[in-house]
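Text of the file upload.tsv, holding TSV, N, CA and C atoms:
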```tsv
chain	number	residue	atom	x	y	z
A	1	LEU	N	4.98	5.74	1.22
A	1	LEU	CA	3.88	6.63	0.88
A	1	LEU	C	4.18	7.37	-0.41
A	2	GLU	N	5.42	7.82	-0.56
A	2	GLU	CA	5.80	8.54	-1.78
A	2	GLU	C	5.60	7.64	-3.00
A	3	TYR	N	6.01	6.39	-2.89
A	3	TYR	CA	5.82	5.46	-4.01
A	3	TYR	C	4.34	5.20	-4.26
A	4	GLY	N	3.58	4.96	-3.19
A	4	GLY	CA	2.15	4.73	-3.34
A	4	GLY	C	1.44	5.88	-4.03
A	5	LYS	N	1.79	7.09	-3.64
A	5	LYS	CA	1.19	8.28	-4.28
A	5	LYS	C	1.59	8.38	-5.74
A	6	SER	N	2.80	7.95	-6.06
A	6	SER	CA	3.27	8.03	-7.45
A	6	SER	C	2.48	7.12	-8.38
A	7	LEU	N	1.78	6.14	-7.84
A	7	LEU	CA	0.96	5.23	-8.65
A	7	LEU	C	-0.36	5.86	-9.05
A	8	LYS	N	-0.64	7.03	-8.50
A	8	LYS	CA	-1.87	7.79	-8.79
A	8	LYS	C	-3.14	6.98	-8.52
A	9	PRO	N	-3.25	6.40	-7.33
A	9	PRO	CA	-4.45	5.61	-7.03
A	9	PRO	C	-5.65	6.51	-6.75
A	10	ASP	N	-6.82	5.92	-6.83
A	10	ASP	CA	-8.04	6.65	-6.49
A	10	ASP	C	-8.07	6.94	-4.98
A	11	LYS	N	-7.60	5.97	-4.20
A	11	LYS	CA	-7.61	6.11	-2.74
A	11	LYS	C	-6.37	5.43	-2.16
A	12	ILE	N	-5.90	5.96	-1.04
A	12	ILE	CA	-4.78	5.35	-0.31
A	12	ILE	C	-5.19	5.25	1.16
A	13	TYR	N	-4.94	4.10	1.73
A	13	TYR	CA	-5.17	3.88	3.15
A	13	TYR	C	-3.97	3.19	3.77
A	14	ILE	N	-3.89	3.30	5.06
A	14	ILE	CA	-2.87	2.57	5.82
A	14	ILE	C	-3.59	1.43	6.55
A	15	LEU	N	-2.98	0.25	6.51
A	15	LEU	CA	-3.50	-0.88	7.27
A	15	LEU	C	-2.85	-0.86	8.64
A	16	SER	N	-3.67	-0.87	9.67
A	16	SER	CA	-3.19	-0.80	11.04
A	16	SER	C	-3.67	-2.01	11.83
A	17	ALA	N	-2.77	-2.62	12.58
A	17	ALA	CA	-3.15	-3.76	13.41
A	17	ALA	C	-4.18	-3.36	14.46
A	18	LYS	N	-4.09	-2.14	14.93
A	18	LYS	CA	-5.01	-1.67	15.98
A	18	LYS	C	-6.26	-1.01	15.42
A	19	HIS	N	-6.12	-0.23	14.35
A	19	HIS	CA	-7.23	0.59	13.86
A	19	HIS	C	-7.79	0.12	12.51
A	20	HIS	N	-7.25	-0.95	11.97
A	20	HIS	CA	-7.70	-1.54	10.71
A	20	HIS	C	-7.37	-0.65	9.51
A	21	LEU	N	-8.39	-0.04	8.90
A	21	LEU	CA	-8.21	0.79	7.71
A	21	LEU	C	-8.15	2.26	8.15
A	22	VAL	N	-7.03	2.91	7.86
A	22	VAL	CA	-6.84	4.27	8.35
A	22	VAL	C	-6.61	5.22	7.17
A	23	PRO	N	-7.43	6.28	7.06
A	23	PRO	CA	-7.19	7.27	6.01
A	23	PRO	C	-5.91	8.05	6.32
A	24	LEU	N	-5.28	8.56	5.28
A	24	LEU	CA	-4.01	9.26	5.45
A	24	LEU	C	-4.11	10.51	6.33
A	25	ASN	N	-5.25	11.13	6.36
A	25	ASN	CA	-5.38	12.39	7.12
A	25	ASN	C	-5.71	12.16	8.60
A	26	LYS	N	-5.82	10.93	9.03
A	26	LYS	CA	-6.14	10.65	10.43
A	26	LYS	C	-4.86	10.51	11.25
A	27	ARG	N	-4.78	11.27	12.34
A	27	ARG	CA	-3.64	11.18	13.25
A	27	ARG	C	-3.93	10.14	14.32
A	28	LEU	N	-2.94	9.32	14.59
A	28	LEU	CA	-3.08	8.27	15.59
A	28	LEU	C	-2.03	8.44	16.67
A	29	GLU	N	-2.38	8.05	17.87
A	29	GLU	CA	-1.41	7.98	18.95
A	29	GLU	C	-0.53	6.76	18.71
A	30	PRO	N	0.72	6.82	19.11
A	30	PRO	CA	1.60	5.65	18.94
A	30	PRO	C	1.04	4.43	19.68
A	31	TYR	N	1.25	3.26	19.11
A	31	TYR	CA	0.82	2.02	19.75
A	31	TYR	C	1.80	0.92	19.39
A	32	ASP	N	1.76	-0.15	20.15
A	32	ASP	CA	2.67	-1.27	19.94
A	32	ASP	C	1.84	-2.52	19.71
A	33	LYS	N	1.43	-2.72	18.48
A	33	LYS	CA	0.61	-3.88	18.13
A	33	LYS	C	0.90	-4.23	16.68
A	34	THR	N	0.99	-5.52	16.39
A	34	THR	CA	1.24	-5.98	15.03
A	34	THR	C	0.47	-7.26	14.78
A	35	LEU	N	0.08	-7.50	13.56
A	35	LEU	CA	-0.61	-8.74	13.23
A	35	LEU	C	0.31	-9.95	13.41
A	36	LYS	N	1.59	-9.73	13.27
A	36	LYS	CA	2.56	-10.81	13.36
A	36	LYS	C	2.43	-11.57	14.69
A	37	ASP	N	2.10	-10.85	15.76
A	37	ASP	CA	2.01	-11.46	17.09
A	37	ASP	C	0.61	-11.95	17.46
A	38	MET	N	-0.36	-11.74	16.60
A	38	MET	CA	-1.75	-12.12	16.92
A	38	MET	C	-2.01	-13.59	16.63
A	39	PRO	N	-2.85	-14.23	17.44
A	39	PRO	CA	-3.29	-15.59	17.10
A	39	PRO	C	-4.19	-15.55	15.86
A	40	LYS	N	-4.33	-16.68	15.21
A	40	LYS	CA	-5.08	-16.76	13.94
A	40	LYS	C	-6.50	-16.21	14.06
A	41	ASP	N	-7.21	-16.54	15.14
A	41	ASP	CA	-8.60	-16.06	15.26
A	41	ASP	C	-8.66	-14.53	15.34
A	42	GLU	N	-7.69	-13.90	16.00
A	42	GLU	CA	-7.64	-12.44	16.04
A	42	GLU	C	-7.33	-11.86	14.66
A	43	LYS	N	-6.43	-12.52	13.93
A	43	LYS	CA	-6.13	-12.07	12.57
A	43	LYS	C	-7.37	-12.17	11.69
A	44	ASP	N	-8.13	-13.26	11.85
A	44	ASP	CA	-9.37	-13.42	11.08
A	44	ASP	C	-10.37	-12.33	11.41
A	45	GLN	N	-10.49	-12.00	12.70
A	45	GLN	CA	-11.40	-10.92	13.13
A	45	GLN	C	-10.93	-9.58	12.55
A	46	TRP	N	-9.61	-9.38	12.56
A	46	TRP	CA	-9.05	-8.15	11.99
A	46	TRP	C	-9.42	-8.05	10.51
A	47	GLY	N	-9.29	-9.16	9.79
A	47	GLY	CA	-9.64	-9.18	8.37
A	47	GLY	C	-11.10	-8.87	8.13
A	48	GLU	N	-11.98	-9.44	8.94
A	48	GLU	CA	-13.42	-9.19	8.81
A	48	GLU	C	-13.73	-7.72	9.04
A	49	GLU	N	-13.17	-7.14	10.08
A	49	GLU	CA	-13.43	-5.73	10.39
A	49	GLU	C	-12.84	-4.82	9.30
A	50	THR	N	-11.66	-5.16	8.85
A	50	THR	CA	-11.01	-4.33	7.83
A	50	THR	C	-11.79	-4.37	6.52
A	51	ILE	N	-12.27	-5.54	6.13
A	51	ILE	CA	-13.03	-5.63	4.87
A	51	ILE	C	-14.35	-4.86	5.00
A	52	LYS	N	-14.95	-4.84	6.18
A	52	LYS	CA	-16.16	-4.03	6.39
A	52	LYS	C	-15.84	-2.55	6.17
A	53	GLN	N	-14.70	-2.11	6.70
A	53	GLN	CA	-14.31	-0.71	6.54
A	53	GLN	C	-14.01	-0.40	5.07
A	54	ILE	N	-13.40	-1.34	4.38
A	54	ILE	CA	-13.10	-1.17	2.96
A	54	ILE	C	-14.40	-0.96	2.18
A	55	LYS	N	-15.38	-1.82	2.44
A	55	LYS	CA	-16.67	-1.71	1.75
A	55	LYS	C	-17.39	-0.42	2.13
A	56	ALA	N	-17.32	-0.03	3.40
A	56	ALA	CA	-17.96	1.21	3.86
A	56	ALA	C	-17.33	2.44	3.20
A	57	ALA	N	-16.07	2.32	2.80
A	57	ALA	CA	-15.38	3.43	2.12
A	57	ALA	C	-15.72	3.48	0.63
A	58	GLY	N	-16.64	2.61	0.19
A	58	GLY	CA	-17.06	2.62	-1.20
A	58	GLY	C	-16.14	1.85	-2.13
A	59	ILE	N	-15.34	0.97	-1.57
A	59	ILE	CA	-14.40	0.17	-2.35
A	59	ILE	C	-14.99	-1.22	-2.51
A	60	ASN	N	-15.00	-1.73	-3.74
A	60	ASN	CA	-15.58	-3.03	-4.03
A	60	ASN	C	-14.49	-4.08	-4.21
A	61	PRO	N	-14.32	-4.98	-3.24
A	61	PRO	CA	-13.26	-5.99	-3.33
A	61	PRO	C	-13.36	-6.89	-4.56
A	62	ASP	N	-14.56	-7.06	-5.10
A	62	ASP	CA	-14.74	-7.93	-6.26
A	62	ASP	C	-14.43	-7.23	-7.58
A	63	LYS	N	-14.38	-5.90	-7.58
A	63	LYS	CA	-14.16	-5.17	-8.83
A	63	LYS	C	-12.92	-4.29	-8.82
A	64	ASP	N	-12.58	-3.73	-7.67
A	64	ASP	CA	-11.47	-2.78	-7.59
A	64	ASP	C	-10.13	-3.50	-7.48
A	65	THR	N	-9.08	-2.82	-7.92
A	65	THR	CA	-7.72	-3.34	-7.82
A	65	THR	C	-7.06	-2.77	-6.58
A	66	PHE	N	-6.39	-3.63	-5.86
A	66	PHE	CA	-5.69	-3.25	-4.63
A	66	PHE	C	-4.20	-3.45	-4.85
A	67	ILE	N	-3.42	-2.46	-4.48
A	67	ILE	CA	-1.96	-2.59	-4.50
A	67	ILE	C	-1.52	-2.52	-3.05
A	68	PHE	N	-1.06	-3.66	-2.55
A	68	PHE	CA	-0.67	-3.75	-1.15
A	68	PHE	C	0.84	-3.57	-1.02
A	69	LEU	N	1.23	-2.52	-0.33
A	69	LEU	CA	2.64	-2.27	-0.06
A	69	LEU	C	2.89	-2.63	1.41
A	70	THR	N	2.66	-3.89	1.71
A	70	THR	CA	2.75	-4.37	3.07
A	70	THR	C	3.27	-5.80	3.09
A	71	GLY	N	3.56	-6.26	4.27
A	71	GLY	CA	4.01	-7.64	4.43
A	71	GLY	C	2.85	-8.63	4.37
A	72	SER	N	3.19	-9.89	4.29
A	72	SER	CA	2.20	-10.95	4.11
A	72	SER	C	1.23	-11.08	5.28
A	73	GLU	N	1.65	-10.71	6.48
A	73	GLU	CA	0.76	-10.85	7.64
A	73	GLU	C	-0.52	-10.03	7.47
A	74	TYR	N	-0.43	-8.93	6.76
A	74	TYR	CA	-1.60	-8.09	6.55
A	74	TYR	C	-2.40	-8.52	5.32
A	75	LEU	N	-1.80	-9.31	4.46
A	75	LEU	CA	-2.49	-9.80	3.26
A	75	LEU	C	-3.32	-11.04	3.56
A	76	LYS	N	-2.78	-11.93	4.34
A	76	LYS	CA	-3.45	-13.21	4.61
A	76	LYS	C	-4.89	-13.04	5.10
A	77	PRO	N	-5.16	-12.21	6.12
A	77	PRO	CA	-6.54	-12.09	6.59
A	77	PRO	C	-7.49	-11.44	5.58
A	78	LEU	N	-6.95	-10.73	4.60
A	78	LEU	CA	-7.80	-10.08	3.60
A	78	LEU	C	-7.96	-10.91	2.34
A	79	SER	N	-7.08	-11.88	2.15
A	79	SER	CA	-7.07	-12.62	0.89
A	79	SER	C	-8.33	-13.45	0.65
A	80	LYS	N	-9.04	-13.80	1.69
A	80	LYS	CA	-10.28	-14.56	1.48
A	80	LYS	C	-11.44	-13.66	1.04
A	81	TYR	N	-11.27	-12.36	1.15
A	81	TYR	CA	-12.32	-11.41	0.78
A	81	TYR	C	-12.06	-10.70	-0.54
A	82	ILE	N	-10.81	-10.71	-0.99
A	82	ILE	CA	-10.44	-10.01	-2.22
A	82	ILE	C	-9.90	-11.04	-3.22
A	83	PRO	N	-10.50	-11.15	-4.39
A	83	PRO	CA	-9.99	-12.11	-5.38
A	83	PRO	C	-8.52	-11.87	-5.69
A	84	ASP	N	-7.76	-12.93	-5.85
A	84	ASP	CA	-6.32	-12.81	-6.08
A	84	ASP	C	-6.02	-11.96	-7.32
A	85	GLY	N	-6.88	-12.04	-8.32
A	85	GLY	CA	-6.68	-11.24	-9.54
A	85	GLY	C	-6.83	-9.74	-9.31
A	86	ASN	N	-7.41	-9.36	-8.18
A	86	ASN	CA	-7.59	-7.94	-7.86
A	86	ASN	C	-6.53	-7.42	-6.90
A	87	MET	N	-5.56	-8.28	-6.57
A	87	MET	CA	-4.52	-7.91	-5.61
A	87	MET	C	-3.15	-7.89	-6.27
A	88	GLU	N	-2.50	-6.73	-6.21
A	88	GLU	CA	-1.11	-6.64	-6.64
A	88	GLU	C	-0.28	-6.59	-5.36
A	89	LYS	N	0.76	-7.44	-5.30
A	89	LYS	CA	1.53	-7.60	-4.07
A	89	LYS	C	3.04	-7.48	-4.35
A	90	PRO	N	3.51	-6.28	-4.68
A	90	PRO	CA	4.93	-6.15	-5.00
A	90	PRO	C	5.86	-6.43	-3.82
A	91	MET	N	5.35	-6.42	-2.60
A	91	MET	CA	6.18	-6.68	-1.42
A	91	MET	C	6.26	-8.17	-1.09
A	92	GLU	N	5.45	-8.97	-1.77
A	92	GLU	CA	5.36	-10.40	-1.45
A	92	GLU	C	6.74	-11.06	-1.53
A	93	GLY	N	7.07	-11.79	-0.48
A	93	GLY	CA	8.33	-12.51	-0.43
A	93	GLY	C	9.52	-11.66	-0.01
A	94	ARG	N	9.32	-10.38	0.21
A	94	ARG	CA	10.42	-9.50	0.61
A	94	ARG	C	10.40	-9.28	2.12
A	95	ARG	N	11.56	-9.33	2.73
A	95	ARG	CA	11.68	-9.02	4.15
A	95	ARG	C	11.68	-7.51	4.31
A	96	MET	N	11.55	-7.04	5.55
A	96	MET	CA	11.41	-5.60	5.82
A	96	MET	C	12.52	-4.77	5.14
A	97	GLY	N	13.76	-5.11	5.36
A	97	GLY	CA	14.85	-4.36	4.73
A	97	GLY	C	14.79	-4.40	3.22
A	98	GLU	N	14.40	-5.55	2.67
A	98	GLU	CA	14.28	-5.68	1.21
A	98	GLU	C	13.14	-4.83	0.69
A	99	ARG	N	12.05	-4.75	1.45
A	99	ARG	CA	10.90	-3.92	1.04
A	99	ARG	C	11.31	-2.46	0.98
A	100	LEU	N	12.01	-1.99	2.01
A	100	LEU	CA	12.44	-0.59	2.03
A	100	LEU	C	13.41	-0.30	0.89
A	101	LYS	N	14.33	-1.21	0.65
A	101	LYS	CA	15.28	-1.03	-0.45
A	101	LYS	C	14.55	-0.98	-1.79
A	102	TRP	N	13.60	-1.88	-2.00
A	102	TRP	CA	12.83	-1.93	-3.24
A	102	TRP	C	12.04	-0.64	-3.43
A	103	LEU	N	11.36	-0.18	-2.37
A	103	LEU	CA	10.58	1.05	-2.46
A	103	LEU	C	11.47	2.25	-2.78
A	104	ASN	N	12.61	2.34	-2.12
A	104	ASN	CA	13.53	3.45	-2.40
A	104	ASN	C	14.02	3.41	-3.83
A	105	GLN	N	14.27	2.21	-4.37
A	105	GLN	CA	14.71	2.08	-5.75
A	105	GLN	C	13.60	2.50	-6.72
A	106	GLN	N	12.36	2.15	-6.41
A	106	GLN	CA	11.23	2.56	-7.26
A	106	GLN	C	11.11	4.07	-7.29
A	107	ILE	N	11.25	4.71	-6.13
A	107	ILE	CA	11.17	6.17	-6.06
A	107	ILE	C	12.30	6.79	-6.87
A	108	LYS	N	13.49	6.24	-6.73
A	108	LYS	CA	14.64	6.75	-7.50
A	108	LYS	C	14.38	6.62	-9.00
A	109	ASN	N	13.85	5.46	-9.42
A	109	ASN	CA	13.54	5.24	-10.84
A	109	ASN	C	12.53	6.25	-11.36
A	110	ILE	N	11.51	6.50	-10.58
A	110	ILE	CA	10.47	7.46	-10.98
A	110	ILE	C	11.07	8.85	-11.13
A	111	LYS	N	11.90	9.23	-10.17
A	111	LYS	CA	12.54	10.56	-10.24
A	111	LYS	C	13.44	10.68	-11.46
A	112	GLU	N	14.15	9.62	-11.79
A	112	GLU	CA	15.02	9.64	-12.98
A	112	GLU	C	14.20	9.79	-14.25
A	113	VAL	N	13.10	9.06	-14.34
A	113	VAL	CA	12.23	9.15	-15.52
A	113	VAL	C	11.65	10.56	-15.63
A	114	LEU	N	11.19	11.12	-14.51
A	114	LEU	CA	10.65	12.48	-14.53
A	114	LEU	C	11.71	13.50	-14.95
A	115	HIS	N	12.92	13.31	-14.45
A	115	HIS	CA	14.02	14.21	-14.83
A	115	HIS	C	14.27	14.15	-16.33
A	116	LYS	N	14.33	12.96	-16.90
A	116	LYS	CA	14.54	12.80	-18.34
A	116	LYS	C	13.39	13.42	-19.14
A	117	PHE	N	12.17	13.18	-18.64
A	117	PHE	CA	11.00	13.72	-19.30
A	117	PHE	C	11.04	15.25	-19.30
A	118	LYS	N	11.42	15.85	-18.18
A	118	LYS	CA	11.52	17.31	-18.09
A	118	LYS	C	12.57	17.85	-19.07
A	119	LYS	N	13.68	17.14	-19.19
A	119	LYS	CA	14.72	17.57	-20.13
A	119	LYS	C	14.21	17.53	-21.56
A	120	ILE	N	13.47	16.49	-21.90
A	120	ILE	CA	12.90	16.37	-23.26
A	120	ILE	C	11.93	17.51	-23.52
A	121	ILE	N	11.04	17.77	-22.57
A	121	ILE	CA	10.05	18.84	-22.70
A	121	ILE	C	10.79	20.19	-22.87
A	122	TYR	N	11.80	20.40	-22.06
A	122	TYR	CA	12.58	21.63	-22.15
A	122	TYR	C	13.19	21.79	-23.53
A	123	GLU	N	13.76	20.72	-24.05
A	123	GLU	CA	14.39	20.77	-25.38
A	123	GLU	C	13.37	21.03	-26.48
A	124	VAL	N	12.19	20.43	-26.35
A	124	VAL	CA	11.14	20.64	-27.36
A	124	VAL	C	10.69	22.10	-27.37
A	125	PHE	N	10.47	22.67	-26.21
A	125	PHE	CA	9.97	24.04	-26.14
A	125	PHE	C	11.07	25.08	-26.33
A	126	LYS	N	12.30	24.67	-26.18
A	126	LYS	CA	13.43	25.58	-26.38
A	126	LYS	C	13.57	25.94	-27.86
A	127	LYS	N	13.17	25.05	-28.72
A	127	LYS	CA	13.32	25.25	-30.17
A	127	LYS	C	12.35	26.21	-30.69
```
If you convert what's in this file into structure tokens, what do you get?
Amino acid sequence: LEYGKSLKPDKIYILSAKHHLVPLNKRLEPYDKTLKDMPKDEKDQWGEETIKQIKAAGINPDKDTFIFLTGSEYLKPLSKYIPDGNMEKPMEGRRMGERLKWLNQQIKNIKEVLHKFKKIIYEVFKK
């Protein structure tokens, strides 16, 4: 979430196997469901429902850019509705541990850049 927010997107949502598209401010009860365990027809239904929610939220799959910070199981059902050119998939090909490591490294990089930037600003205004 920290990395996603650092990208300064217009909107951020969580993809949920049970609830589809979830706004950040919505609290959910814990559940044990994943797309990984669903049969293909259920995944297809999940994709249809999720794309309906995306459109209802005022997001245009044909024009807007999507940055998916998720595994491939959540991308596959949506890929037939969103043009590939509108999808950024930095997690693609990464296993769970690799995704977490990559995200933590991105956050660290951002913090380092901000720290350097603050030092430069301080030096400029110090003079």
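Among A:Thr34, A:Gln45, A:Thr65, A:Gln106, the residue with the shortest atom-to-atom distance to Met87 in chain A, counting all atoms listed in the file, is A:Thr65.
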Can you tell me which residues surround range 24-26 of chain A at a distance of at most 10 Å, considering only C-alpha atoms, apart from same-chain residues fewer than 4 positions away, and format the answer as JSON, numbers by chain?
{"A": [1, 11, 12, 13, 14]}
DSSP on the backbone, strand (DSSP E) only: what residues of chain A does that give? Format it as a short mmCIF file (atom, residue, chain, number, x, y, z; two decimals) with N, CA and C atoms, keeping the file's coordinate frame.
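After the write, result_9.cif holds the following:
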```cif
data_model
loop_
_atom_site.label_atom_id
_atom_site.label_comp_id
_atom_site.auth_asym_id
_atom_site.auth_seq_id
_atom_site.Cartn_x
_atom_site.Cartn_y
_atom_site.Cartn_z
N TYR A 13 -4.94 4.10 1.73
CA TYR A 13 -5.17 3.88 3.15
C TYR A 13 -3.97 3.19 3.77
N ILE A 14 -3.89 3.30 5.06
CA ILE A 14 -2.87 2.57 5.82
C ILE A 14 -3.59 1.43 6.55
N LEU A 15 -2.98 0.25 6.51
CA LEU A 15 -3.50 -0.88 7.27
C LEU A 15 -2.85 -0.86 8.64
N SER A 16 -3.67 -0.87 9.67
CA SER A 16 -3.19 -0.80 11.04
C SER A 16 -3.67 -2.01 11.83
N HIS A 20 -7.25 -0.95 11.97
CA HIS A 20 -7.70 -1.54 10.71
C HIS A 20 -7.37 -0.65 9.51
N LEU A 21 -8.39 -0.04 8.90
CA LEU A 21 -8.21 0.79 7.71
C LEU A 21 -8.15 2.26 8.15
N VAL A 22 -7.03 2.91 7.86
CA VAL A 22 -6.84 4.27 8.35
C VAL A 22 -6.61 5.22 7.17
N PRO A 23 -7.43 6.28 7.06
CA PRO A 23 -7.19 7.27 6.01
C PRO A 23 -5.91 8.05 6.32
N PHE A 66 -6.39 -3.63 -5.86
CA PHE A 66 -5.69 -3.25 -4.63
C PHE A 66 -4.20 -3.45 -4.85
N ILE A 67 -3.42 -2.46 -4.48
CA ILE A 67 -1.96 -2.59 -4.50
C ILE A 67 -1.52 -2.52 -3.05
N MET A 87 -5.56 -8.28 -6.57
CA MET A 87 -4.52 -7.91 -5.61
C MET A 87 -3.15 -7.89 -6.27
N GLU A 88 -2.50 -6.73 -6.21
CA GLU A 88 -1.11 -6.64 -6.64
C GLU A 88 -0.28 -6.59 -5.36
#
```
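What separates atom N of Ile67 in chain A from CA of Ile82 in chain A is a distance of 10.6 Å.
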If you run DSSP over the backbone, which residues in chain A end up helix (DSSP H, G or I)? Put them as a ChimeraX atom specification.
/A:2-6,35-37,40-56,72-79,84-86,96-126
So which one's closest to Pro90 in chain A, A:Ile110, A:Ile54, A:Met38, A:Leu69? Using only N, CA and C atoms, please.
A:Leu69
